[in-house]
$ cat model.txt   # compact mmCIF, C-alpha atoms (C1' of nucleotides)
# COMPACT_ATOMS: atom_id res chain seq x y z
CA MET A 1 -75.89 -51.42 -39.70
CA ASN A 2 -73.45 -53.26 -37.53
CA THR A 3 -74.55 -52.62 -34.00
CA LYS A 4 -72.10 -54.85 -32.22
CA LYS A 5 -69.94 -52.08 -30.82
CA LEU A 6 -72.97 -49.96 -30.03
CA LYS A 7 -74.49 -52.78 -28.05
CA GLU A 8 -71.28 -53.30 -26.13
CA GLU A 9 -71.27 -49.66 -25.16
CA PHE A 10 -74.92 -49.82 -24.24
CA ARG A 11 -74.25 -52.83 -22.00
CA ALA A 12 -71.56 -50.82 -20.26
CA PHE A 13 -73.90 -47.89 -19.90
CA LEU A 14 -76.60 -50.07 -18.38
CA LYS A 15 -74.16 -51.68 -16.00
CA LYS A 16 -72.79 -48.33 -14.92
CA HIS A 17 -76.26 -47.09 -14.06
CA ASN A 18 -77.34 -50.30 -12.38
CA TYR A 19 -79.92 -51.01 -15.02
CA LYS A 20 -80.46 -54.58 -16.09
CA ILE A 21 -79.29 -55.93 -19.38
CA THR A 22 -82.41 -57.35 -20.92
CA LYS A 23 -83.28 -58.91 -24.25
CA ASN A 24 -85.80 -56.13 -24.85
CA ARG A 25 -83.22 -53.42 -24.46
CA LEU A 26 -80.63 -55.05 -26.65
CA ASP A 27 -83.18 -55.84 -29.31
CA LEU A 28 -84.61 -52.36 -29.27
CA ILE A 29 -81.28 -50.67 -29.77
CA ASP A 30 -80.79 -52.96 -32.76
CA ILE A 31 -84.17 -52.22 -34.24
CA ILE A 32 -83.87 -48.50 -33.77
CA ALA A 33 -80.37 -48.38 -35.22
CA ASN A 34 -81.70 -50.06 -38.32
CA TYR A 35 -84.95 -48.16 -38.55
CA LYS A 36 -85.34 -44.76 -40.17
CA LYS A 37 -82.96 -42.09 -39.09
CA HIS A 38 -85.85 -39.75 -38.30
CA PHE A 39 -88.96 -41.16 -36.70
CA GLU A 40 -91.88 -40.57 -34.41
CA ILE A 41 -92.50 -42.88 -31.49
CA GLU A 42 -95.97 -43.91 -32.55
CA GLU A 43 -94.62 -44.97 -35.91
CA LEU A 44 -91.86 -46.93 -34.21
CA VAL A 45 -94.34 -48.64 -31.93
CA ASN A 46 -96.44 -49.71 -34.91
CA TYR A 47 -93.39 -50.93 -36.76
CA ILE A 48 -92.12 -52.94 -33.85
CA GLN A 49 -95.43 -54.47 -33.00
CA ASN A 50 -96.35 -55.31 -36.58
CA THR A 51 -93.09 -56.94 -37.53
CA GLN A 52 -91.47 -58.53 -34.56
CA LYS A 53 -93.79 -58.65 -31.58
CA LEU A 54 -91.30 -57.41 -29.10
CA ALA A 55 -91.90 -54.77 -26.53
CA SER A 56 -95.05 -53.06 -25.34
CA ARG A 57 -95.73 -49.40 -25.98
CA ALA A 58 -94.76 -48.64 -22.37
CA THR A 59 -91.42 -50.39 -22.71
CA ILE A 60 -90.70 -48.63 -25.97
CA TYR A 61 -91.38 -45.25 -24.40
CA ARG A 62 -89.21 -46.18 -21.45
CA THR A 63 -86.41 -47.46 -23.65
CA VAL A 64 -86.44 -44.39 -25.87
CA LYS A 65 -85.81 -42.31 -22.76
CA LEU A 66 -82.97 -44.59 -21.80
CA LEU A 67 -81.46 -44.27 -25.25
CA MET A 68 -81.66 -40.50 -25.00
CA ASP A 69 -79.67 -40.66 -21.78
CA PHE A 70 -77.27 -43.01 -23.47
CA GLY A 71 -77.02 -40.39 -26.17
CA ILE A 72 -77.83 -42.11 -29.42
CA ILE A 73 -81.31 -40.68 -29.81
CA LYS A 74 -82.25 -37.04 -29.85
CA GLU A 75 -85.47 -35.11 -30.06
CA ILE A 76 -84.58 -33.02 -33.04
CA ILE A 77 -87.90 -31.51 -34.04
CA LYS A 78 -90.86 -30.44 -31.99
CA GLN A 79 -93.64 -29.23 -34.16
CA ASN A 80 -97.30 -29.00 -33.27
CA ASN A 81 -97.73 -31.88 -30.90
CA LYS A 82 -95.31 -34.16 -32.63
CA THR A 83 -91.79 -35.04 -31.69
CA ILE A 84 -89.38 -36.31 -34.29
CA TYR A 85 -86.46 -38.33 -33.00
CA GLU A 86 -83.19 -38.96 -34.69
CA PHE A 87 -80.90 -41.89 -34.33
CA CYS A 88 -77.45 -40.38 -34.19
CA THR A 89 -74.07 -41.73 -33.41
CA GLN A 90 -72.27 -39.69 -30.78
CA GLU A 91 -70.01 -37.61 -33.00
CA GLY A 92 -72.06 -35.96 -35.68
CA HIS A 93 -74.20 -33.24 -34.21
CA HIS A 94 -76.10 -31.12 -36.67
CA ASP A 95 -79.22 -28.99 -36.97
CA HIS A 96 -82.22 -29.08 -39.25
CA LEU A 97 -84.27 -27.31 -41.87
CA VAL A 98 -87.85 -28.53 -41.73
CA CYS A 99 -90.25 -28.10 -44.61
CA VAL A 100 -93.64 -27.18 -43.20
CA SER A 101 -95.32 -28.27 -46.40
CA CYS A 102 -93.95 -31.76 -47.07
CA GLY A 103 -92.17 -32.54 -43.81
CA ARG A 104 -88.82 -33.04 -45.46
CA ILE A 105 -85.90 -32.70 -43.07
CA ILE A 106 -82.58 -31.34 -44.27
CA GLU A 107 -79.55 -31.62 -42.05
CA PHE A 108 -76.88 -29.02 -41.80
CA PHE A 109 -73.88 -28.34 -39.67
CA ASN A 110 -72.20 -25.00 -39.31
CA GLU A 111 -69.15 -24.72 -37.17
CA ASP A 112 -69.43 -20.96 -36.87
CA ILE A 113 -72.93 -21.21 -35.44
CA GLU A 114 -71.73 -23.78 -32.96
CA ASN A 115 -68.84 -21.59 -31.88
CA LEU A 116 -71.01 -18.52 -31.56
CA GLN A 117 -73.32 -20.46 -29.29
CA GLU A 118 -70.38 -21.39 -27.11
CA GLU A 119 -69.40 -17.74 -26.88
CA ILE A 120 -72.92 -16.71 -25.93
CA CYS A 121 -73.06 -19.32 -23.19
CA LEU A 122 -69.72 -18.20 -21.82
CA LYS A 123 -70.87 -14.62 -21.77
CA HIS A 124 -73.90 -15.64 -19.69
CA ASN A 125 -72.02 -18.08 -17.47
CA PHE A 126 -74.34 -20.70 -18.81
CA LEU A 127 -73.26 -24.32 -19.04
CA PRO A 128 -74.88 -25.79 -22.13
CA THR A 129 -75.87 -29.43 -22.27
CA TYR A 130 -77.47 -29.62 -25.66
CA HIS A 131 -79.23 -27.42 -28.13
CA ARG A 132 -81.76 -27.63 -30.89
CA LEU A 133 -81.97 -25.31 -33.85
CA GLU A 134 -84.98 -25.80 -36.08
CA ILE A 135 -85.48 -23.65 -39.16
CA PHE A 136 -89.00 -24.01 -40.51
CA GLY A 137 -89.96 -23.01 -44.02
CA LEU A 138 -90.37 -24.33 -47.55
CA CYS A 139 -87.95 -26.68 -49.23
CA GLU A 140 -86.78 -26.33 -52.81
CA GLN A 141 -89.25 -28.86 -54.16
CA CYS A 142 -92.25 -27.33 -52.46
CA LEU A 143 -91.23 -23.87 -53.57
CA LYS A 144 -91.17 -25.03 -57.17
CA LYS A 145 -94.60 -26.57 -56.85
CA LYS A 146 -96.05 -23.40 -55.41
CA GLN A 147 -94.48 -20.95 -57.83
CA PRO A 148 -96.94 -21.52 -60.71
CA ILE A 149 -99.89 -20.86 -58.45
CA GLN A 150 -98.41 -17.62 -57.22
CA GLU A 151 -97.86 -16.46 -60.79
CA LYS A 152 -101.53 -16.40 -61.64
CA MET B 1 -98.70 -1.76 -21.48
CA ASN B 2 -100.54 0.44 -23.89
CA THR B 3 -102.21 -1.90 -26.31
CA LYS B 4 -104.14 0.64 -28.30
CA LYS B 5 -101.99 0.47 -31.40
CA LEU B 6 -101.67 -3.28 -31.12
CA LYS B 7 -105.42 -3.66 -31.01
CA GLU B 8 -105.83 -1.45 -34.04
CA GLU B 9 -103.44 -3.65 -35.95
CA PHE B 10 -105.20 -6.73 -34.72
CA ARG B 11 -108.54 -5.36 -35.90
CA ALA B 12 -107.00 -4.81 -39.33
CA PHE B 13 -105.58 -8.32 -39.30
CA LEU B 14 -108.95 -9.80 -38.42
CA LYS B 15 -110.72 -7.79 -41.09
CA LYS B 16 -108.18 -8.76 -43.70
CA HIS B 17 -108.72 -12.45 -42.95
CA ASN B 18 -112.49 -12.16 -42.71
CA TYR B 19 -112.50 -13.02 -39.06
CA LYS B 20 -114.93 -11.25 -36.81
CA ILE B 21 -113.92 -8.58 -34.36
CA THR B 22 -115.25 -9.83 -31.07
CA LYS B 23 -115.02 -8.67 -27.51
CA ASN B 24 -113.30 -11.91 -26.59
CA ARG B 25 -110.52 -11.38 -29.10
CA LEU B 26 -109.87 -7.78 -28.20
CA ASP B 27 -109.92 -8.55 -24.50
CA LEU B 28 -107.62 -11.51 -24.89
CA ILE B 29 -104.96 -9.60 -26.76
CA ASP B 30 -105.06 -7.06 -23.94
CA ILE B 31 -104.76 -9.66 -21.23
CA ILE B 32 -101.95 -11.51 -22.94
CA ALA B 33 -100.02 -8.34 -23.66
CA ASN B 34 -100.13 -7.53 -19.98
CA TYR B 35 -99.49 -11.03 -18.70
CA LYS B 36 -96.06 -12.58 -18.28
CA LYS B 37 -93.76 -12.41 -21.23
CA HIS B 38 -93.23 -16.18 -21.07
CA PHE B 39 -96.14 -18.41 -20.25
CA GLU B 40 -97.78 -21.78 -20.72
CA ILE B 41 -101.33 -22.00 -21.98
CA GLU B 42 -102.69 -23.86 -18.98
CA GLU B 43 -101.34 -21.17 -16.71
CA LEU B 44 -102.92 -18.51 -18.87
CA VAL B 45 -106.26 -20.31 -18.84
CA ASN B 46 -106.20 -20.47 -15.06
CA TYR B 47 -105.25 -16.83 -14.81
CA ILE B 48 -107.98 -15.68 -17.14
CA GLN B 49 -110.66 -17.81 -15.58
CA ASN B 50 -109.74 -16.96 -12.02
CA THR B 51 -109.53 -13.23 -12.47
CA GLN B 52 -111.86 -12.05 -15.16
CA LYS B 53 -114.23 -14.78 -16.27
CA LEU B 54 -113.76 -14.25 -19.94
CA ALA B 55 -113.21 -16.92 -22.47
CA SER B 56 -113.44 -20.68 -22.28
CA ARG B 57 -110.43 -22.93 -22.57
CA ALA B 58 -111.41 -23.69 -26.17
CA THR B 59 -111.58 -20.03 -27.11
CA ILE B 60 -108.25 -19.34 -25.45
CA TYR B 61 -106.61 -22.13 -27.40
CA ARG B 62 -108.20 -20.86 -30.60
CA THR B 63 -107.19 -17.28 -29.91
CA VAL B 64 -103.62 -18.20 -29.11
CA LYS B 65 -103.39 -19.76 -32.57
CA LEU B 66 -104.82 -16.62 -34.09
CA LEU B 67 -102.29 -14.51 -32.26
CA MET B 68 -99.50 -16.72 -33.54
CA ASP B 69 -100.69 -16.07 -37.09
CA PHE B 70 -100.93 -12.42 -36.25
CA GLY B 71 -97.34 -12.71 -35.09
CA ILE B 72 -97.26 -11.43 -31.55
CA ILE B 73 -97.01 -14.80 -29.87
CA LYS B 74 -94.39 -17.43 -30.49
CA GLU B 75 -93.76 -20.93 -29.26
CA ILE B 76 -90.25 -20.36 -28.05
CA ILE B 77 -89.57 -23.45 -25.99
CA LYS B 78 -90.69 -27.01 -26.40
CA GLN B 79 -89.43 -29.16 -23.60
CA ASN B 80 -90.84 -32.45 -22.45
CA ASN B 81 -94.52 -32.08 -23.15
CA LYS B 82 -94.66 -28.41 -22.37
CA THR B 83 -94.78 -25.45 -24.68
CA ILE B 84 -93.68 -22.05 -23.49
CA TYR B 85 -95.05 -19.10 -25.39
CA GLU B 86 -93.66 -15.64 -25.58
CA PHE B 87 -95.47 -12.41 -26.14
CA CYS B 88 -93.27 -10.50 -28.53
CA THR B 89 -93.72 -7.35 -30.50
CA GLN B 90 -92.91 -7.84 -34.15
CA GLU B 91 -89.40 -6.41 -34.26
CA GLY B 92 -87.32 -8.04 -31.61
CA HIS B 93 -86.58 -11.63 -32.52
CA HIS B 94 -84.20 -13.45 -30.25
CA ASP B 95 -83.33 -16.93 -29.08
CA HIS B 96 -83.13 -18.55 -25.66
CA LEU B 97 -80.98 -20.25 -23.09
CA VAL B 98 -83.12 -22.51 -20.92
CA CYS B 99 -82.01 -23.71 -17.52
CA VAL B 100 -83.07 -27.32 -17.14
CA SER B 101 -82.76 -27.05 -13.38
CA CYS B 102 -84.75 -23.94 -12.47
CA GLY B 103 -86.54 -23.17 -15.71
CA ARG B 104 -85.02 -19.72 -16.04
CA ILE B 105 -85.12 -18.37 -19.56
CA ILE B 106 -82.38 -16.07 -20.81
CA GLU B 107 -82.84 -14.22 -24.06
CA PHE B 108 -80.07 -13.55 -26.50
CA PHE B 109 -79.73 -12.21 -29.98
CA ASN B 110 -76.76 -12.73 -32.20
CA GLU B 111 -76.73 -11.15 -35.58
CA ASP B 112 -74.00 -13.43 -36.87
CA ILE B 113 -76.02 -16.53 -36.08
CA GLU B 114 -79.00 -15.03 -37.85
CA ASN B 115 -76.93 -14.23 -40.91
CA LEU B 116 -75.35 -17.63 -41.00
CA GLN B 117 -78.80 -19.19 -40.96
CA GLU B 118 -79.76 -17.07 -43.94
CA GLU B 119 -76.70 -18.28 -45.78
CA ILE B 120 -77.48 -21.89 -45.00
CA CYS B 121 -81.03 -21.52 -46.26
CA LEU B 122 -79.83 -19.88 -49.46
CA LYS B 123 -77.38 -22.69 -50.02
CA HIS B 124 -80.22 -25.21 -49.75
CA ASN B 125 -82.74 -23.15 -51.71
CA PHE B 126 -84.83 -23.20 -48.59
CA LEU B 127 -87.24 -20.38 -47.83
CA PRO B 128 -87.26 -19.92 -44.07
CA THR B 129 -90.39 -18.75 -42.29
CA TYR B 130 -89.24 -18.84 -38.71
CA HIS B 131 -86.75 -20.60 -36.53
CA ARG B 132 -86.23 -21.62 -32.96
CA LEU B 133 -82.90 -22.03 -31.26
CA GLU B 134 -83.04 -23.45 -27.75
CA ILE B 135 -79.88 -23.99 -25.75
CA PHE B 136 -80.54 -26.15 -22.72
CA GLY B 137 -78.19 -26.31 -19.77
CA LEU B 138 -77.51 -24.83 -16.36
CA CYS B 139 -77.74 -21.15 -15.55
CA GLU B 140 -75.20 -19.27 -13.47
CA GLN B 141 -77.27 -19.47 -10.27
CA CYS B 142 -77.88 -23.20 -10.52
CA LEU B 143 -74.24 -23.84 -11.31
CA LYS B 144 -73.26 -22.05 -8.14
CA LYS B 145 -75.72 -24.04 -6.09
CA LYS B 146 -74.44 -27.32 -7.47
CA GLN B 147 -70.73 -26.63 -7.16
CA PRO B 148 -70.45 -27.37 -3.41
CA ILE B 149 -72.14 -30.72 -3.85
CA GLN B 150 -69.80 -31.73 -6.64
CA GLU B 151 -66.78 -30.86 -4.49
CA LYS B 152 -67.54 -33.49 -1.87
C1' DT C 1 -83.59 -64.50 -3.50
C1' DT C 2 -83.98 -59.74 -4.34
C1' DC C 3 -84.66 -56.05 -7.08
C1' DT C 4 -85.59 -54.28 -11.51
C1' DA C 5 -88.09 -54.73 -16.05
C1' DT C 6 -92.20 -55.61 -18.39
C1' DG C 7 -97.03 -55.66 -19.99
C1' DC C 8 -101.39 -54.22 -19.42
C1' DA C 9 -104.89 -51.23 -18.79
C1' DA C 10 -106.03 -47.19 -16.69
C1' DA C 11 -104.96 -42.48 -15.87
C1' DA C 12 -102.95 -38.11 -16.90
C1' DA C 13 -101.95 -34.25 -19.58
C1' DT C 14 -102.60 -31.51 -23.45
C1' DT C 15 -105.15 -30.17 -27.43
C1' DT C 16 -108.96 -30.53 -30.71
C1' DT C 17 -113.71 -30.93 -32.19
C1' DG C 18 -118.99 -31.44 -32.87
C1' DC C 19 -122.81 -29.20 -31.98
C1' DA C 20 -126.20 -26.06 -30.12
C1' DT C 21 -126.45 -21.29 -29.24
C1' DG C 22 -124.83 -16.48 -29.29
C1' DT C 23 -122.95 -12.53 -31.71
C1' DC C 24 -121.05 -9.69 -35.51
C1' DG C 25 -121.61 -7.51 -39.88
C1' DC D 1 -130.65 -12.72 -41.72
C1' DG D 2 -126.47 -15.45 -42.58
C1' DA D 3 -121.98 -16.61 -41.28
C1' DC D 4 -118.73 -17.04 -38.01
C1' DA D 5 -117.49 -17.28 -32.80
C1' DT D 6 -118.22 -19.34 -28.48
C1' DG D 7 -118.93 -22.63 -24.68
C1' DC D 8 -119.44 -27.05 -23.29
C1' DA D 9 -118.47 -31.58 -22.91
C1' DA D 10 -116.75 -35.28 -25.29
C1' DA D 11 -113.10 -37.10 -28.00
C1' DA D 12 -108.51 -37.45 -29.63
C1' DT D 13 -103.64 -37.61 -29.00
C1' DT D 14 -99.57 -38.39 -26.67
C1' DT D 15 -97.26 -39.90 -22.60
C1' DT D 16 -97.03 -41.71 -17.91
C1' DT D 17 -98.05 -44.81 -14.13
C1' DG D 18 -99.73 -48.51 -10.67
C1' DC D 19 -99.65 -53.01 -10.12
C1' DA D 20 -99.12 -57.91 -10.75
C1' DT D 21 -95.90 -60.95 -12.88
C1' DA D 22 -91.58 -62.22 -15.29
C1' DG D 23 -86.78 -62.08 -15.56
C1' DA D 24 -81.85 -60.59 -14.43
C1' DA D 25 -78.09 -60.51 -11.02

$ encode --input "model.txt" --output "structure tokens"
Amino acid sequence: MNTKKLKEEFRAFLKKHNYKITKNRLDLIDIIANYKKHFEIEELVNYIQNTQKLASRATIYRTVKLLMDFGIIKEIIKQNNKTIYEFCTQEGHHDHLVCVSCGRIIEFFNEDIENLQEEICLKHNFLPTYHRLEIFGLCEQCLKKKQPIQEK
Amino acid sequence: MNTKKLKEEFRAFLKKHNYKITKNRLDLIDIIANYKKHFEIEELVNYIQNTQKLASRATIYRTVKLLMDFGIIKEIIKQNNKTIYEFCTQEGHHDHLVCVSCGRIIEFFNEDIENLQEEICLKHNFLPTYHRLEIFGLCEQCLKKKQPIQEK
DNA sequence: TTCTATGCAAAAATTTTGCATGTCG
DNA sequence: CGACATGCAAAATTTTTGCATAGAA
């Protein structure tokens, strides 16, 4: 992925907030943009420290928070004591189906649901910042696998 | 709250799953049913251990899981590293607006959103078990408080 | 030069678990 | 009696933090 523009915007973001532009931060945004779309922090830490020996765990945690403020990372799934993050370019918000059996994540976007949420917030004089809709269940593949057992 | 019927059902649930019917379990369902609708476990542990000296932290954690299986407790909000549970009788599912400033939780239910979710699952051959929709933002009261500051 | 970022290890916060003992069926 | 539940303390897991040092502005 070409992260040139992204990095420019991130530089601007850092400057605006009086944060320093460091090699670590620029490298991390690069690595994350090119890593899996969905990931857990621990996994990311292992990846980063096994391949390139860049940042410490503490810095990675701190940078992930920064990138959430910047808006290109979201906590999309909170299940048990795990958090799954998603790298996401600004535009494309969507929600997720999560298979509780295999962990598969299926993205979906439904304009009507989004609009209904807006309406609900208006009705409650609530100013929404972000939302998270997680639908947990069994994906197609896992359903197929389980069917034969249920037939006994 | 009259928990007689609830406890009967819980007894049946325990029997069905070959769990034992213990004083701890029956007392805990009573306490939780009469505690706050929305709560965190740590808070509940403190409450239980300060008032009646009933169960240990371990037993409370284990019982909360049981009650989730039983279906009268749900993890409705996962924010930062906190989990907020809700005591909920089987019927009334709903979702939540969460004020990130004061922590206020506003319940809402929208049939259309529920139906649309069903449709989406069907389309993906996904068998949903449960879902969680959290809308984070600012509640009416906090908005009012912040307005004057923003006007400066 | 000054202030922020970083790494490290330690601490904090939350949840789980092994094991000896108690209790239910 | 035998199996499961409980309490305790220890361990595991995930995240945060204090502090000394390095690096950006």

$ closest_residue --input "model.txt" --among "D:DG7, D:DT16, D:DT21, D:DC1" --to "DA12 of chain C" --atoms "all atoms listed in the file"
D:DT16

$ residues_around --input "model.txt" --residues "DT14 of chain C" --least-positions-apart "4" --cutoff "9 Å" --atoms "all atoms listed in the file" --output "PyMOL selection string"
(chain A and resi 81) or (chain B and resi 42+81-82) or (chain D and resi 13-14)

$ interface_residues --input "model.txt" --of "chain B" --to "chain A" --cutoff "6 Å" --atoms "all atoms listed in the file" --output "JSON, numbers by chain"
{"B": [113, 125, 126, 127, 128, 129, 130, 131, 132, 133, 134, 135, 136, 137, 138, 139, 140]}

$ calpha_fit_and_write --input "model.txt" --fixed "chain A" --moving "chain B" --output "CSV table (one decimal) with C-alpha atoms, keeping the file's coordinate frame"
chain,number,residue,atom,x,y,z
B,1,MET,CA,-75.9,-51.5,-39.7
B,2,ASN,CA,-73.5,-53.3,-37.5
B,3,THR,CA,-74.6,-52.7,-34.0
B,4,LYS,CA,-72.1,-54.9,-32.2
B,5,LYS,CA,-70.0,-52.1,-30.9
B,6,LEU,CA,-73.0,-50.0,-30.1
B,7,LYS,CA,-74.5,-52.8,-28.1
B,8,GLU,CA,-71.3,-53.3,-26.1
B,9,GLU,CA,-71.3,-49.7,-25.2
B,10,PHE,CA,-74.9,-49.8,-24.3
B,11,ARG,CA,-74.2,-52.8,-22.0
B,12,ALA,CA,-71.5,-50.8,-20.3
B,13,PHE,CA,-73.9,-47.9,-19.9
B,14,LEU,CA,-76.6,-50.0,-18.4
B,15,LYS,CA,-74.1,-51.6,-16.0
B,16,LYS,CA,-72.7,-48.3,-15.0
B,17,HIS,CA,-76.2,-47.0,-14.1
B,18,ASN,CA,-77.3,-50.2,-12.4
B,19,TYR,CA,-79.9,-51.0,-15.0
B,20,LYS,CA,-80.4,-54.5,-16.1
B,21,ILE,CA,-79.3,-55.9,-19.4
B,22,THR,CA,-82.4,-57.3,-20.9
B,23,LYS,CA,-83.3,-58.9,-24.2
B,24,ASN,CA,-85.8,-56.1,-24.8
B,25,ARG,CA,-83.2,-53.4,-24.4
B,26,LEU,CA,-80.6,-55.1,-26.6
B,27,ASP,CA,-83.2,-55.9,-29.3
B,28,LEU,CA,-84.6,-52.4,-29.2
B,29,ILE,CA,-81.3,-50.7,-29.8
B,30,ASP,CA,-80.8,-53.0,-32.7
B,31,ILE,CA,-84.2,-52.3,-34.2
B,32,ILE,CA,-83.9,-48.5,-33.8
B,33,ALA,CA,-80.4,-48.4,-35.2
B,34,ASN,CA,-81.7,-50.1,-38.3
B,35,TYR,CA,-85.0,-48.2,-38.5
B,36,LYS,CA,-85.4,-44.8,-40.2
B,37,LYS,CA,-83.0,-42.1,-39.1
B,38,HIS,CA,-85.9,-39.8,-38.3
B,39,PHE,CA,-89.0,-41.2,-36.7
B,40,GLU,CA,-91.9,-40.6,-34.4
B,41,ILE,CA,-92.5,-42.9,-31.5
B,42,GLU,CA,-96.0,-43.9,-32.6
B,43,GLU,CA,-94.6,-45.0,-35.9
B,44,LEU,CA,-91.9,-46.9,-34.2
B,45,VAL,CA,-94.4,-48.7,-31.9
B,46,ASN,CA,-96.4,-49.7,-34.9
B,47,TYR,CA,-93.4,-50.9,-36.7
B,48,ILE,CA,-92.1,-53.0,-33.8
B,49,GLN,CA,-95.4,-54.5,-33.0
B,50,ASN,CA,-96.4,-55.3,-36.5
B,51,THR,CA,-93.1,-57.0,-37.5
B,52,GLN,CA,-91.5,-58.6,-34.5
B,53,LYS,CA,-93.8,-58.7,-31.5
B,54,LEU,CA,-91.3,-57.4,-29.0
B,55,ALA,CA,-91.9,-54.8,-26.5
B,56,SER,CA,-95.1,-53.1,-25.3
B,57,ARG,CA,-95.8,-49.4,-26.0
B,58,ALA,CA,-94.8,-48.6,-22.4
B,59,THR,CA,-91.4,-50.4,-22.7
B,60,ILE,CA,-90.7,-48.6,-26.0
B,61,TYR,CA,-91.4,-45.3,-24.4
B,62,ARG,CA,-89.2,-46.2,-21.5
B,63,THR,CA,-86.4,-47.5,-23.7
B,64,VAL,CA,-86.5,-44.4,-25.9
B,65,LYS,CA,-85.8,-42.3,-22.8
B,66,LEU,CA,-83.0,-44.6,-21.8
B,67,LEU,CA,-81.5,-44.3,-25.3
B,68,MET,CA,-81.7,-40.5,-25.0
B,69,ASP,CA,-79.7,-40.6,-21.8
B,70,PHE,CA,-77.3,-43.0,-23.5
B,71,GLY,CA,-77.0,-40.4,-26.2
B,72,ILE,CA,-77.8,-42.1,-29.4
B,73,ILE,CA,-81.3,-40.7,-29.8
B,74,LYS,CA,-82.3,-37.0,-29.9
B,75,GLU,CA,-85.5,-35.1,-30.1
B,76,ILE,CA,-84.6,-33.0,-33.1
B,77,ILE,CA,-87.9,-31.5,-34.1
B,78,LYS,CA,-90.9,-30.4,-32.0
B,79,GLN,CA,-93.6,-29.2,-34.2
B,80,ASN,CA,-97.3,-29.0,-33.3
B,81,ASN,CA,-97.8,-31.9,-31.0
B,82,LYS,CA,-95.3,-34.1,-32.7
B,83,THR,CA,-91.8,-35.0,-31.7
B,84,ILE,CA,-89.4,-36.3,-34.3
B,85,TYR,CA,-86.5,-38.3,-33.0
B,86,GLU,CA,-83.2,-39.0,-34.7
B,87,PHE,CA,-80.9,-41.9,-34.3
B,88,CYS,CA,-77.5,-40.4,-34.2
B,89,THR,CA,-74.1,-41.8,-33.4
B,90,GLN,CA,-72.3,-39.7,-30.8
B,91,GLU,CA,-70.0,-37.6,-33.0
B,92,GLY,CA,-72.0,-36.0,-35.7
B,93,HIS,CA,-74.2,-33.2,-34.2
B,94,HIS,CA,-76.1,-31.1,-36.7
B,95,ASP,CA,-79.2,-29.0,-37.0
B,96,HIS,CA,-82.2,-29.1,-39.3
B,97,LEU,CA,-84.2,-27.3,-41.9
B,98,VAL,CA,-87.8,-28.5,-41.7
B,99,CYS,CA,-90.2,-28.1,-44.6
B,100,VAL,CA,-93.6,-27.2,-43.2
B,101,SER,CA,-95.3,-28.3,-46.4
B,102,CYS,CA,-93.9,-31.7,-47.1
B,103,GLY,CA,-92.1,-32.5,-43.9
B,104,ARG,CA,-88.8,-33.0,-45.5
B,105,ILE,CA,-85.9,-32.7,-43.1
B,106,ILE,CA,-82.6,-31.3,-44.3
B,107,GLU,CA,-79.5,-31.6,-42.0
B,108,PHE,CA,-76.8,-29.0,-41.8
B,109,PHE,CA,-73.9,-28.3,-39.6
B,110,ASN,CA,-72.2,-25.0,-39.3
B,111,GLU,CA,-69.1,-24.7,-37.1
B,112,ASP,CA,-69.4,-20.9,-36.8
B,113,ILE,CA,-72.9,-21.2,-35.4
B,114,GLU,CA,-71.7,-23.8,-32.9
B,115,ASN,CA,-68.8,-21.6,-31.9
B,116,LEU,CA,-71.0,-18.5,-31.5
B,117,GLN,CA,-73.3,-20.4,-29.3
B,118,GLU,CA,-70.4,-21.4,-27.1
B,119,GLU,CA,-69.4,-17.7,-26.8
B,120,ILE,CA,-72.9,-16.7,-25.9
B,121,CYS,CA,-73.1,-19.3,-23.2
B,122,LEU,CA,-69.7,-18.2,-21.8
B,123,LYS,CA,-70.9,-14.6,-21.7
B,124,HIS,CA,-73.9,-15.6,-19.7
B,125,ASN,CA,-72.0,-18.1,-17.4
B,126,PHE,CA,-74.4,-20.7,-18.8
B,127,LEU,CA,-73.3,-24.3,-19.0
B,128,PRO,CA,-74.9,-25.8,-22.1
B,129,THR,CA,-75.9,-29.4,-22.3
B,130,TYR,CA,-77.5,-29.6,-25.7
B,131,HIS,CA,-79.2,-27.4,-28.1
B,132,ARG,CA,-81.8,-27.6,-30.9
B,133,LEU,CA,-81.9,-25.3,-33.9
B,134,GLU,CA,-85.0,-25.8,-36.1
B,135,ILE,CA,-85.5,-23.6,-39.2
B,136,PHE,CA,-89.0,-24.0,-40.5
B,137,GLY,CA,-89.9,-23.0,-44.0
B,138,LEU,CA,-90.3,-24.3,-47.6
B,139,CYS,CA,-87.9,-26.7,-49.2
B,140,GLU,CA,-86.7,-26.3,-52.8
B,141,GLN,CA,-89.2,-28.8,-54.2
B,142,CYS,CA,-92.2,-27.3,-52.5
B,143,LEU,CA,-91.2,-23.8,-53.6
B,144,LYS,CA,-91.1,-25.0,-57.2
B,145,LYS,CA,-94.5,-26.6,-56.9
B,146,LYS,CA,-96.0,-23.4,-55.4
B,147,GLN,CA,-94.5,-20.9,-57.8
B,148,PRO,CA,-96.9,-21.5,-60.7
B,149,ILE,CA,-99.9,-21.0,-58.4
B,150,GLN,CA,-98.5,-17.7,-57.1
B,151,GLU,CA,-98.0,-16.4,-60.7
B,152,LYS,CA,-101.7,-16.5,-61.5

$ axis_aligned_box --input "model.txt" --around "segment 4-10 of chain D" --padding-each-side "8 Å" --output "AutoDock Vina command-line options"
--center_x -118.1 --center_y -26.2 --center_z -30.5 --size_x 18.7 --size_y 34.2 --size_z 31.1

$ closest_residue --input "model.txt" --among "B:Ile48, B:Ala33, B:Ala55, B:Leu26" --to "chain D" --atoms "all atoms listed in the file"
B:Ala55

$ atom_distance --input "model.txt" --atom1 "atom CA of Glu91 of chain A" --atom2 "atom CA of Ile72 of chain A"
9.7 Å

$ residues_near_point --input "model.txt" --point "(-120.4, -20.9, -28.2)" --cutoff "9 Å" --atoms "all atoms listed in the file" --output "PyMOL selection string"
(chain B and resi 59) or (chain C and resi 20-22) or (chain D and resi 5-8)
